[in-house]
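Novice: Just so it is clear, I am handing over protein-v5.tsv, which has TSV, C-alpha atoms.
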```tsv
chain	number	residue	atom	x	y	z
A	29	MET	CA	0.00	0.00	0.00
A	30	THR	CA	1.39	3.43	-0.95
A	31	HIS	CA	1.71	6.26	1.58
A	32	GLU	CA	-1.11	8.13	-0.11
A	33	ALA	CA	-3.45	5.17	0.04
A	34	ASP	CA	-2.39	4.50	3.61
A	35	ASP	CA	-3.19	8.09	4.62
A	36	ARG	CA	-6.53	7.96	2.84
A	37	ASP	CA	-7.37	4.76	4.63
A	38	ARG	CA	-6.45	6.30	7.97
A	39	ILE	CA	-8.68	9.30	7.28
A	40	ASP	CA	-11.50	6.96	6.26
A	41	GLU	CA	-10.98	5.04	9.46
A	42	MET	CA	-11.13	8.20	11.57
A	43	THR	CA	-14.23	9.45	9.77
A	44	LEU	CA	-15.94	6.11	10.23
A	45	ALA	CA	-14.99	5.94	13.90
A	46	ALA	CA	-16.40	9.43	14.48
A	47	ALA	CA	-19.60	8.58	12.62
A	48	LEU	CA	-20.03	5.34	14.58
A	49	ARG	CA	-19.49	7.06	17.93
A	50	ASP	CA	-22.00	9.68	16.89
A	51	ASP	CA	-24.41	6.91	15.92
A	52	GLU	CA	-23.89	5.17	19.26
A	53	ALA	CA	-24.80	8.30	21.18
A	54	CYS	CA	-27.89	8.64	19.04
A	55	VAL	CA	-28.98	4.99	19.32
A	56	ALA	CA	-28.32	4.93	23.04
A	57	GLU	CA	-30.78	7.77	23.48
A	58	MET	CA	-33.50	5.55	22.02
A	59	ALA	CA	-33.09	2.92	24.72
A	60	HIS	CA	-35.95	2.37	27.16
A	61	LEU	CA	-33.95	0.60	29.79
A	62	PRO	CA	-35.48	-1.29	32.69
A	63	PRO	CA	-34.33	0.00	36.09
A	64	ALA	CA	-31.33	-1.72	37.62
A	65	ASP	CA	-33.47	-2.92	40.54
A	66	LEU	CA	-35.79	-4.76	38.19
A	67	VAL	CA	-32.94	-6.46	36.33
A	68	TRP	CA	-31.39	-7.46	39.66
A	69	TRP	CA	-34.72	-8.76	40.97
A	70	ARG	CA	-35.35	-10.86	37.84
A	71	ALA	CA	-31.85	-12.31	38.06
A	72	THR	CA	-32.39	-13.19	41.73
A	73	ILE	CA	-35.70	-14.89	40.98
A	74	ARG	CA	-34.19	-16.94	38.16
A	75	THR	CA	-31.20	-17.93	40.27
A	76	ARG	CA	-33.43	-19.09	43.09
A	77	ALA	CA	-35.70	-21.03	40.75
A	78	GLU	CA	-32.67	-22.75	39.25
A	79	ALA	CA	-31.27	-23.50	42.70
A	80	ALA	CA	-34.59	-25.05	43.75
A	81	LEU	CA	-34.64	-27.17	40.59
A	82	THR	CA	-31.08	-28.31	41.25
A	83	ILE	CA	-32.10	-29.53	44.69
A	84	GLU	CA	-35.37	-31.11	43.57
A	85	ARG	CA	-33.94	-33.01	40.60
A	86	PRO	CA	-31.95	-35.65	42.58
A	87	MET	CA	-34.87	-36.09	44.99
A	88	ILE	CA	-37.24	-36.84	42.11
A	89	ALA	CA	-34.68	-39.25	40.65
A	90	VAL	CA	-34.43	-41.12	43.99
A	91	GLN	CA	-38.23	-41.29	44.29
A	92	LEU	CA	-38.60	-42.66	40.78
A	93	THR	CA	-35.87	-45.23	41.36
A	94	THR	CA	-37.56	-46.36	44.60
A	95	VAL	CA	-40.92	-46.77	42.87
A	96	ALA	CA	-39.29	-48.71	40.03
A	97	CYS	CA	-37.53	-51.02	42.53
A	98	LEU	CA	-40.78	-51.64	44.43
A	99	VAL	CA	-42.65	-52.45	41.23
A	100	ALA	CA	-39.88	-54.84	40.19
A	101	LEU	CA	-39.91	-56.52	43.61
A	102	ALA	CA	-43.68	-56.89	43.54
A	103	ALA	CA	-43.57	-58.32	40.02
A	104	GLY	CA	-40.85	-60.76	41.07
A	105	ALA	CA	-42.80	-61.87	44.13
A	106	ILE	CA	-45.97	-62.38	42.09
A	107	ALA	CA	-44.10	-64.31	39.42
A	108	SER	CA	-42.49	-66.62	41.96
A	109	THR	CA	-45.79	-67.44	43.70
A	110	TRP	CA	-47.95	-67.41	40.57
A	111	ARG	CA	-48.56	-71.19	40.42
A	112	SER	CA	-49.40	-71.56	44.08
A	113	LEU	CA	-51.40	-68.32	44.16
A	114	PRO	CA	-54.91	-69.88	43.92
A	115	ASP	CA	-54.13	-72.27	46.81
A	116	LEU	CA	-52.73	-69.41	48.89
A	117	VAL	CA	-55.80	-67.27	48.22
A	118	VAL	CA	-58.11	-70.07	49.23
A	119	GLN	CA	-56.07	-70.83	52.34
A	120	HIS	CA	-55.76	-67.19	53.38
A	121	ALA	CA	-58.93	-65.74	51.86
A	122	LEU	CA	-59.87	-63.86	55.00
A	123	VAL	CA	-56.42	-62.26	55.35
A	124	ALA	CA	-56.38	-61.33	51.65
A	125	MET	CA	-59.85	-59.77	51.88
A	126	LEU	CA	-58.81	-57.83	54.95
A	127	GLY	CA	-55.68	-56.58	53.16
A	128	VAL	CA	-57.71	-55.36	50.16
A	129	VAL	CA	-60.22	-53.55	52.41
A	130	VAL	CA	-57.49	-51.89	54.48
A	131	GLY	CA	-55.72	-50.89	51.29
A	132	LEU	CA	-58.86	-49.35	49.85
A	133	LEU	CA	-59.45	-47.41	53.06
A	134	VAL	CA	-55.87	-46.28	53.61
A	135	ALA	CA	-54.97	-45.37	49.99
A	136	PRO	CA	-57.28	-42.30	49.67
A	137	ILE	CA	-56.13	-41.02	53.07
A	138	ALA	CA	-52.49	-41.43	52.02
A	139	VAL	CA	-53.11	-39.60	48.75
A	140	LEU	CA	-54.93	-36.80	50.61
A	141	LEU	CA	-52.08	-36.43	53.09
A	142	ALA	CA	-49.47	-36.43	50.34
A	143	LEU	CA	-51.29	-33.71	48.40
A	144	THR	CA	-51.80	-31.60	51.53
A	145	GLU	CA	-48.09	-31.87	52.28
B	14	MET	CA	-45.76	-15.16	51.08
B	15	THR	CA	-42.21	-14.25	50.02
B	16	ILE	CA	-40.14	-16.37	47.70
B	17	ASP	CA	-37.81	-17.26	50.55
B	18	HIS	CA	-40.66	-19.10	52.24
B	19	CYS	CA	-41.46	-21.12	49.13
B	20	LEU	CA	-37.96	-22.55	48.85
B	21	PRO	CA	-35.90	-24.91	50.94
B	22	ARG	CA	-33.39	-23.03	53.09
B	23	GLU	CA	-30.45	-24.46	51.12
B	24	ALA	CA	-31.93	-23.22	47.84
B	25	ALA	CA	-32.40	-19.70	49.14
B	26	ALA	CA	-28.87	-19.68	50.51
B	27	SER	CA	-27.32	-20.90	47.27
B	28	ALA	CA	-29.37	-18.35	45.34
B	29	ASP	CA	-27.68	-15.60	47.29
B	30	GLU	CA	-24.34	-17.25	46.59
B	31	GLY	CA	-25.27	-17.61	42.90
B	32	LEU	CA	-24.98	-13.90	42.23
B	33	VAL	CA	-21.42	-12.91	42.90
B	34	MET	CA	-22.00	-9.15	42.92
B	35	THR	CA	-23.72	-7.04	45.54
B	36	GLU	CA	-26.86	-5.18	44.57
B	37	ASP	CA	-25.29	-1.76	45.05
B	38	ALA	CA	-22.24	-2.65	42.98
B	39	PHE	CA	-24.51	-4.02	40.27
B	40	ARG	CA	-26.60	-0.86	40.21
B	41	LEU	CA	-23.53	1.28	39.64
B	42	PHE	CA	-22.17	-1.06	36.99
B	43	TYR	CA	-25.56	-1.22	35.26
B	44	ASP	CA	-25.90	2.56	35.19
B	45	ARG	CA	-22.55	2.86	33.48
B	46	THR	CA	-22.90	0.04	30.98
B	47	SER	CA	-26.56	-0.54	30.13
B	48	ARG	CA	-26.97	2.27	27.61
B	49	PRO	CA	-23.85	1.50	25.53
B	50	LEU	CA	-24.65	-2.20	25.76
B	51	TRP	CA	-28.19	-1.66	24.52
B	52	ALA	CA	-26.93	0.47	21.62
B	53	TYR	CA	-24.47	-2.30	20.72
B	54	LEU	CA	-27.13	-5.00	20.86
B	55	ALA	CA	-29.57	-2.89	18.90
B	56	ARG	CA	-27.03	-2.33	16.13
B	57	VAL	CA	-25.80	-5.93	16.01
B	58	CYS	CA	-29.35	-7.39	16.07
B	59	GLY	CA	-31.00	-4.54	14.20
B	60	ASP	CA	-34.06	-4.85	16.42
B	61	ARG	CA	-35.09	-2.96	19.52
B	62	ARG	CA	-37.18	-5.68	21.12
B	63	LEU	CA	-34.43	-8.22	20.70
B	64	ALA	CA	-32.00	-5.76	22.20
B	65	ASP	CA	-34.32	-5.39	25.22
B	66	ASP	CA	-34.53	-9.16	25.70
B	67	LEU	CA	-30.85	-9.76	25.17
B	68	LEU	CA	-29.93	-6.98	27.58
B	69	GLN	CA	-31.74	-8.73	30.43
B	70	GLU	CA	-30.26	-12.10	29.49
B	71	THR	CA	-26.77	-10.64	29.20
B	72	TYR	CA	-26.88	-9.16	32.69
B	73	TYR	CA	-28.31	-12.38	34.11
B	74	ARG	CA	-25.49	-14.46	32.65
B	75	PHE	CA	-22.96	-11.87	33.71
B	76	LEU	CA	-24.21	-11.93	37.30
B	77	LYS	CA	-24.03	-15.73	37.35
B	78	SER	CA	-20.48	-15.75	36.02
B	79	SER	CA	-17.29	-15.31	37.99
B	80	ALA	CA	-16.52	-12.22	35.88
B	81	ALA	CA	-18.93	-10.22	38.02
B	82	ALA	CA	-16.46	-10.60	40.88
B	83	LEU	CA	-13.61	-9.05	38.90
B	84	GLU	CA	-12.17	-5.90	40.41
B	85	ASP	CA	-11.22	-4.26	37.14
B	86	GLU	CA	-14.14	-2.41	35.57
B	87	ALA	CA	-12.65	-2.70	32.07
B	88	HIS	CA	-12.44	-6.49	32.36
B	89	ARG	CA	-16.02	-6.70	33.61
B	90	ARG	CA	-17.18	-4.51	30.76
B	91	HIS	CA	-15.25	-6.57	28.23
B	92	TYR	CA	-16.79	-9.77	29.59
B	93	LEU	CA	-20.26	-8.23	29.50
B	94	PHE	CA	-19.88	-7.37	25.81
B	95	ARG	CA	-18.54	-10.84	25.15
B	96	ILE	CA	-21.67	-12.42	26.62
B	97	ALA	CA	-23.85	-10.02	24.64
B	98	THR	CA	-22.00	-10.79	21.42
B	99	ASN	CA	-22.35	-14.54	21.89
B	100	LEU	CA	-26.06	-14.20	22.59
B	101	ALA	CA	-26.67	-11.92	19.61
B	102	LEU	CA	-24.64	-14.01	17.15
B	103	ASP	CA	-26.16	-17.28	18.40
B	104	LEU	CA	-29.59	-15.81	17.89
B	105	ARG	CA	-28.76	-14.75	14.35
B	106	ARG	CA	-27.31	-18.18	13.57
B	107	ARG	CA	-30.53	-19.85	14.68
B	108	ARG	CA	-32.52	-17.68	12.29
B	109	SER	CA	-32.81	-18.54	8.61
B	110	PRO	CA	-29.95	-17.35	6.37
B	111	GLU	CA	-32.40	-15.21	4.35
B	112	SER	CA	-33.23	-13.11	7.39
B	113	ALA	CA	-29.60	-12.73	8.40
B	114	SER	CA	-29.04	-9.55	6.43
B	115	GLU	CA	-32.53	-8.13	6.97
B	116	PRO	CA	-34.04	-6.58	10.07
B	117	LEU	CA	-35.53	-9.38	12.18
B	118	ASP	CA	-38.85	-7.64	12.56
B	119	GLN	CA	-39.76	-4.88	10.17
B	120	GLU	CA	-42.12	-3.24	12.63
B	121	THR	CA	-39.60	-3.04	15.42
B	122	ALA	CA	-36.50	-2.74	13.30
B	123	LEU	CA	-34.17	-0.08	14.55
B	124	ALA	CA	-34.66	3.09	12.57
B	125	PRO	CA	-31.84	5.59	12.89
B	126	VAL	CA	-32.92	8.66	14.81
B	127	ASP	CA	-33.90	11.56	12.64
B	128	VAL	CA	-32.24	14.63	14.06
B	129	ALA	CA	-31.86	17.77	11.99
B	130	GLY	CA	-28.46	18.44	10.46
B	131	THR	CA	-26.66	15.12	10.64
B	132	ALA	CA	-29.83	13.07	10.29
B	133	ALA	CA	-29.19	11.98	6.71
B	134	ARG	CA	-25.71	10.75	7.54
B	135	ARG	CA	-27.00	8.75	10.50
B	136	VAL	CA	-29.77	7.23	8.43
B	137	ASP	CA	-27.22	6.19	5.82
B	138	LEU	CA	-24.95	4.70	8.44
B	139	GLY	CA	-27.84	2.84	10.04
B	140	ARG	CA	-28.88	1.36	6.71
B	141	ALA	CA	-25.34	0.44	5.77
B	142	MET	CA	-24.77	-1.21	9.16
B	143	ALA	CA	-27.98	-3.20	8.74
B	144	LYS	CA	-26.63	-4.62	5.48
B	145	LEU	CA	-23.38	-5.77	7.05
B	146	ARG	CA	-23.05	-9.29	8.43
B	147	PRO	CA	-23.71	-9.40	12.20
B	148	ARG	CA	-20.12	-10.41	12.90
B	149	ASP	CA	-18.82	-7.45	10.89
B	150	ARG	CA	-21.21	-5.12	12.70
B	151	ALA	CA	-19.86	-6.37	16.01
B	152	LEU	CA	-16.31	-6.07	14.72
B	153	VAL	CA	-16.51	-2.41	13.66
B	154	TRP	CA	-18.55	-1.45	16.72
B	155	LEU	CA	-16.15	-3.04	19.17
B	156	ALA	CA	-13.16	-1.49	17.42
B	157	TYR	CA	-14.41	2.03	16.77
B	158	VAL	CA	-17.06	2.66	19.39
B	159	ASN	CA	-15.80	0.64	22.33
B	160	GLY	CA	-12.17	1.11	21.40
B	161	SER	CA	-11.39	-2.54	22.10
B	162	SER	CA	-7.95	-3.88	21.28
B	163	HIS	CA	-7.50	-6.54	18.61
B	164	ARG	CA	-6.87	-9.11	21.32
B	165	GLU	CA	-10.10	-8.17	23.09
B	166	ILE	CA	-12.09	-8.27	19.85
B	167	ALA	CA	-10.63	-11.68	19.04
B	168	ASP	CA	-11.56	-12.91	22.49
B	169	THR	CA	-15.08	-11.52	22.20
B	170	LEU	CA	-15.77	-12.94	18.76
B	171	GLY	CA	-13.87	-16.20	19.18
B	172	LEU	CA	-11.37	-15.37	16.43
B	173	LYS	CA	-7.60	-15.33	16.16
B	174	ALA	CA	-6.04	-12.03	17.21
B	175	ALA	CA	-3.80	-12.06	14.12
B	176	SER	CA	-6.80	-12.13	11.78
B	177	ILE	CA	-8.58	-9.14	13.32
B	178	LYS	CA	-6.63	-6.48	11.45
B	179	LEU	CA	-7.55	-7.96	8.08
B	180	LEU	CA	-11.15	-8.69	9.03
B	181	LEU	CA	-11.55	-5.18	10.35
B	182	PHE	CA	-10.07	-3.73	7.19
B	183	ARG	CA	-12.50	-5.75	5.06
B	184	ALA	CA	-15.48	-4.87	7.24
B	185	ARG	CA	-14.56	-1.20	7.07
B	186	ARG	CA	-14.23	-1.35	3.30
B	187	LYS	CA	-17.56	-3.12	3.04
B	188	LEU	CA	-19.21	-0.53	5.24
B	189	ALA	CA	-17.69	2.30	3.22
B	190	ALA	CA	-18.95	0.72	0.01
B	191	LEU	CA	-22.42	0.23	1.49
B	192	LEU	CA	-22.43	3.84	2.63
B	193	GLU	CA	-21.57	4.97	-0.88
B	194	GLU	CA	-24.33	2.77	-2.24
B	195	THR	CA	-26.97	4.13	0.15
B	196	ARG	CA	-25.97	7.74	-0.55
B	197	ARG	CA	-26.35	7.26	-4.29
```
Any chance you could put this one into structure tokens?

Specialist:
Amino acid sequence: MTHEADDRDRIDEMTLAAALRDDEACVAEMAHLPPADLVWWRATIRTRAEAALTIERPMIAVQLTTVACLVALAAGAIASTWRSLPDLVVQHALVAMLGVVVGLLVAPIAVLLALTE
Amino acid sequence: MTIDHCLPREAAASADEGLVMTEDAFRLFYDRTSRPLWAYLARVCGDRRLADDLLQETYYRFLKSSAAALEDEAHRRHYLFRIATNLALDLRRRRSPESASEPLDQETALAPVDVAGTAARRVDLGRAMAKLRPRDRALVWLAYVNGSSHREIADTLGLKAASIKLLLFRARRKLAALLEETRR
């Protein structure tokens, strides 16, 4: 690049820089900025929500794993006693009936308590 | 009921730890940086509403980052603009290529302010800037408005410091050509 071209480029650069700074001042005037307090408050709310989610996530995972284990255990137990199940029911009909009734009575109360909690 | 009561104690405590700046310090920093940051976002995105949204998101991410704890104001400011640039460029990348060189929303597209005297020149500059690629807009703005060094620009835009001089030269030439075109 020749000296002349170099100088011209430098002048262009300075003109552009001045125009851009002028434009910035102008554009900045158009801003309708939220107050700092509001931005801070929103950030705090989001941080807290994220923190709560971080704590809840492992708890939900543990609960789901527990339920899955219980279902698997129950399925295993049923499968192992499947053939002798009719005999067992006949032999312990009264106990089985009692278990079903207690279950039906207790289940709604448990659900109600869980939801209230 | 306050939010503190809705959350476990640990969550509320970690929320306070999550923001590494005090409210007073943030207020001062915000007062000094929000207007130039908004102008930058508005020019890079070409849309006021997007600039509003990105401004909030930028400050949120800044407050969550360790940069908010930096003592040096210049470093904090540089990091803030880096977050803003990443957000703005990511947003443009997610949009279709056709809309990349057009205002995102015609209705809310940033119109250069019409002030007597230098109004025409500003309008031309605004139009020319809108036709530049978002990365080039960021490049010229960071260099000539913010006065960032080549190293800082490279860091902000994820480019090599050695390539900034050439990229800036090309962007400047492109802008000059676009300005000529709009004036004709």

Novice: Grab the CA of Leu138 in chain B to CA of Leu44 in chain A distance for me, in Å with one decimal place.

Specialist: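 It comes out at 9.3 Å.
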
Novice: Residues within 10 Å of Glu70 in chain B, please, as a PDB file with C-alpha atoms, in the coordinates of the input. Count only C-alpha atoms; anything in the same chain fewer than 3 positions from it doesn't count.

Specialist:
```
ATOM      1  CA  VAL A  67     -32.940  -6.460  36.330  1.00  0.00           C
ATOM      2  CA  ARG A  70     -35.350 -10.860  37.840  1.00  0.00           C
ATOM      3  CA  ALA A  71     -31.850 -12.310  38.060  1.00  0.00           C
TER       4      ALA A  71
ATOM      5  CA  ALA B  64     -32.000  -5.760  22.200  1.00  0.00           C
ATOM      6  CA  ASP B  65     -34.320  -5.390  25.220  1.00  0.00           C
ATOM      7  CA  ASP B  66     -34.530  -9.160  25.700  1.00  0.00           C
ATOM      8  CA  LEU B  67     -30.850  -9.760  25.170  1.00  0.00           C
ATOM      9  CA  TYR B  73     -28.310 -12.380  34.110  1.00  0.00           C
ATOM     10  CA  ARG B  74     -25.490 -14.460  32.650  1.00  0.00           C
ATOM     11  CA  PHE B  75     -22.960 -11.870  33.710  1.00  0.00           C
ATOM     12  CA  LEU B  76     -24.210 -11.930  37.300  1.00  0.00           C
ATOM     13  CA  ILE B  96     -21.670 -12.420  26.620  1.00  0.00           C
ATOM     14  CA  ALA B  97     -23.850 -10.020  24.640  1.00  0.00           C
ATOM     15  CA  LEU B 100     -26.060 -14.200  22.590  1.00  0.00           C
TER      16      LEU B 100
END
```

Novice: One decimal, in Å: what's the spacing between CA of Glu57 in chain A and CA of Gln69 in chain B?

Specialist: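 Separation between CA of Glu57 in chain A and CA of Gln69 in chain B: 17.9 Å.
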
Novice: With only C-alpha atoms considered, list every residue of chain A at most 6 Å from chain B, as number ranges by chain.

Specialist: A: 45, 49, 55-56, 64, 71, 75-76, 79-80

Novice: List the spatial neighbours of Ala82 in chain B as a PDB file with C-alpha atoms, keeping the file's coordinate frame - criterion: any atom at most 7 Å away, only C-alpha atoms, same-chain residues fewer than 3 positions off excluded.

Specialist:
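Saved result, around_31.pdb, follows:
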```pdb
ATOM      1  CA  VAL B  33     -21.420 -12.910  42.900  1.00  0.00           C
ATOM      2  CA  MET B  34     -22.000  -9.150  42.920  1.00  0.00           C
ATOM      3  CA  SER B  79     -17.290 -15.310  37.990  1.00  0.00           C
TER       4      SER B  79
END
```

Novice: For CA of Gly171 in chain B and CA of Leu102 in chain B, quote the distance in Å rounded to one decimal.

Specialist: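 About the pair CA of Gly171 in chain B and CA of Leu102 in chain B: they are 11.2 Å apart.
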
Novice: For Leu180 in chain B, which residue among B:Asp149, B:Leu104, B:Val57, B:Leu63 is the nearest when counting only C-alpha atoms?

Specialist: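 Between B:Asp149, B:Leu104, B:Val57, B:Leu63, the residue approaching Leu180 in chain B most closely is B:Asp149.
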